[in-house]
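Student: To start, I am sharing the structure in question, which I have written as structure tokens.
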Amino acid sequence: MCGIVAYIGPRQAYPILINGLKRLEYRGYDSAGLALYNNGLNIYKTKGKVSDLERHAKDKHIHGSIGIAHTRWATHGEPNDTNAHPHASQSYSIALIHNGIIENYALLRRELENRGYSFRSTTDTEVLTNLIEDIKINEDVNLFEAVRIALNQVVGAYAIVVMESGNPDMLVAARKGSPLVIGIGNGEFFVASDATPIIEYTKNVVYLDDEEVALVHRNNELKIKTIRNKEKTPYIHQLEMSLVALEKGGYEHFMLKEIYEQPISIRDSMRGRIHPESGTVTLGGIIDYEQKILNADRIIIVACGTSWHAGLVGEYLIEDLARIPVEVEYASEFRYRNPIISEKDVVLAISQSGETADTLAAIELAKSKGATILGICNVVGSSIARATHAGSYTHAGPEIGVASTKAFTAQVTLLTLFALRFAQLKGTISRSRFNQIITELTLIPNKVERTLKTCKNVVLETAEQFRDVRNFLYLGRGYNFPVALEGALKLKEISYIHAEGYPAAEMKHGPIALIDEDMPVVFIAPKQGIYDKVVSNIQEVKARKGKVIAVVTEGDTVVKNLADYVIEIPDTEEILVPLLATIPLQKLAYHIAVMRGCNVDQPRNLAKSVTVE
């Protein structure tokens, strides 16, 4: 959950490292630091953001053409100057940056203390740094071999880059369970935890696999070995990302930009997959596994956070249209509860980043039981994309804001196509009904665009009214229950207001006790589905003096007469309502957070890509 960037080549490293950290700051922003080599290791680090590091390093010795840098989201040790990365070994001969968790660090630390090592920080990372130094000295090996040997003693997850004083021509990088990518330029190399710091310099990258160690040498080709000393041949990928996609494009925040990108991202998620001339849907990435999916006893969706909410919508879609049993699991629970999995099961893993640690662990568990593993993710070349048997990319483009927006609607779009494809193959949908849904789905990007325009004023008014409340309740039924969960999650993530999502009918089984004149209740209440039941739930809230904010279909009059604030969305098919109803809830959370002075793109305690447990 931290950002890693490193450089070796003919250029000055400092500007590249700082620029890279800024691109990676969405991955962690408790502290930041860097190490440069110029007649010795020069390490500068500080609690706070990359801008604080820039101020700290100003007027210091920042020259050098090799360096490593890091922006941290704290796991072991509180965020402070000492615990910030890079960490130096006891002799100050080795510097290391690290993403992940070394689970056996306490045991390793005790062993090193018994050998005379002392520690400046309370981190697991410094333990690994000193372990590498100890092996290098006692085994009389070079840095590359010392790192490889040390990682055989490590239990846990890591992405690391190591540099050595007196060795200005070499970096060593390694990964297990945390992403690491190496960019290959013209006589230069870049290392990062994702491709965002690399794209402006080169599109040629190598993705390290688990338990691989890379020797990055200034004057030689990239060399890769496993930690068990087996040589590997690097495979060079071409990045498809554009630099423009990583900029704010005139918007105040990345989150706002990404909310407004949804007409494009939804359209891109459908592009090339809908064929009106033949009346079919194709998902090229899973064609070879279609028969296995058709013969499956069930589909198990594993995901975390917003992706889990998308999975819940997927459950409704797949069961409703394709009549295949679906279970939706929190990956973090699934991996530890000894689930019953067989070769007849299909596991569908959903992740924006493709690096979510719990989801990756769930994949490995299911794979060990013989299940077929499919993936839905947004990042080409990510760990989940490579760990699954097959899958589909959402093509939403880079999402920088920590609170996911366009990734959610892109995932739901792809799940809709998945459900339609297998409904067709199984014959559980008529030709006319299929065409009706496809026609409406192709109109969704325009309707999202219309929603963004028409909901602006009422969302701002509503946000102003409720910016200072302490609690929110979100309610929906059927397809809109996951929308309620997602709306509540967005609000609490970025505004720090406590919010809960519930099935509207469950309100009477507990949450109704919370409702009074100070409790705003958001209802997702389109005319589709069990509309009359939702109207009854709204009346129950009004009878208890609750304040009602309702998302309704354009032209609605019944709910409009009951609610205090009404946000209209265009009419659409019931199964497609989540793609529209989510939009005003994203904007409501955004504007409340801005009005409260919160850091929208980098909310406290959160990181974009959760690559540790």
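By order of appearance in the structure tokens: chains A, B, ..., then residues from 1 within every chain, and ligands from 1 in the order shown.
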Skip Leu96 of chain A itself and residues of its chain fewer than 5 positions away, then list as JSON, numbers by chain all residues within 8 Å of it, counting only C-alpha atoms.
Tutor: {"A": [68, 85, 86, 87, 88, 125, 129, 160, 161, 162, 163]}
Student: If we count only C-alpha atoms, what is near segment 372-375 of chain A at a cut-off of 9 Å, once residues fewer than 3 positions away on the same chain are taken out, given as a count of residues only?
Tutor: 26
Student: Using only C-alpha atoms, which residues sit within 6 Å of Glu164 of chain A once same-chain residues fewer than 2 positions away are excluded, as a ChimeraX atom specification?
Tutor: /A:93-94,167
Student: Apply DSSP to the backbone of this structure and, from segment 8-119 of chain A, keep only the residues in alpha helix (DSSP H); write these as a ChimeraX atom specification.
Tutor: /A:13-24,50-57,105-114
Student: Would you give me, as CSV, each residue of segment 368-449 of chain A having an atom within 9 Å of an atom of segment 567-579 of chain A, along with its shortest atom pair and that distance in Å to one decimal, using only C-alpha atoms and sorting by chain and residue number?
Tutor:
```
residue,atom,partner,partner_atom,distance
A:Phe408,CA,A:Leu579,CA,8.8
A:Thr409,CA,A:Leu579,CA,5.8
A:Ala410,CA,A:Leu579,CA,8.8
A:Val412,CA,A:Leu579,CA,7.2
A:Thr413,CA,A:Leu579,CA,7.7
A:Thr416,CA,A:Leu576,CA,8.2
A:Gln436,CA,A:Glu573,CA,8.9
A:Ile437,CA,A:Glu573,CA,7.1
A:Glu440,CA,A:Thr572,CA,6.9
A:Leu441,CA,A:Leu576,CA,7.2
A:Ile444,CA,A:Leu579,CA,7.6
A:Lys447,CA,A:Pro570,CA,6.3
A:Val448,CA,A:Leu579,CA,7.7
```
Student: Work out how far apart atom CA of Thr306 of chain A and atom CA of Ser404 of chain A are and give it in Å to one decimal.
Tutor: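 Between atom CA of Thr306 of chain A and atom CA of Ser404 of chain A the gap works out to 6.8 Å.
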Student: What are the DSSP strand (DSSP E or B) residues of segment 169-251 of chain A, as number ranges by chain?
Tutor: A: 169-177, 181-184, 189-192, 204-207, 212-217, 223-226, 231-232, 237-238
Student: Write out as an MDAnalysis selection string which residues come within 12 Å of Lys560 of chain A when counting only C-alpha atoms, dropping same-chain ones fewer than 2 positions away.
Tutor: chainID A and resid 523 525:527 535 538:539 548:558 562:568
Student: Mind giving me the straight-line distance from atom CA of Val328 of chain A to atom CA of Ala303 of chain A in Å, one decimal?
Tutor: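 These two atoms are separated by 8.0 Å.
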Student: Give me, as a ChimeraX atom specification, all polymer residues having an atom no more than 9 Å from segment 274-285 of chain A, counting only C-alpha atoms and skipping those fewer than 3 positions away in the same chain.
Tutor: /A:270-271,288-289,390-393,414,417-418,420-421,424,431,434-435,438-439,442
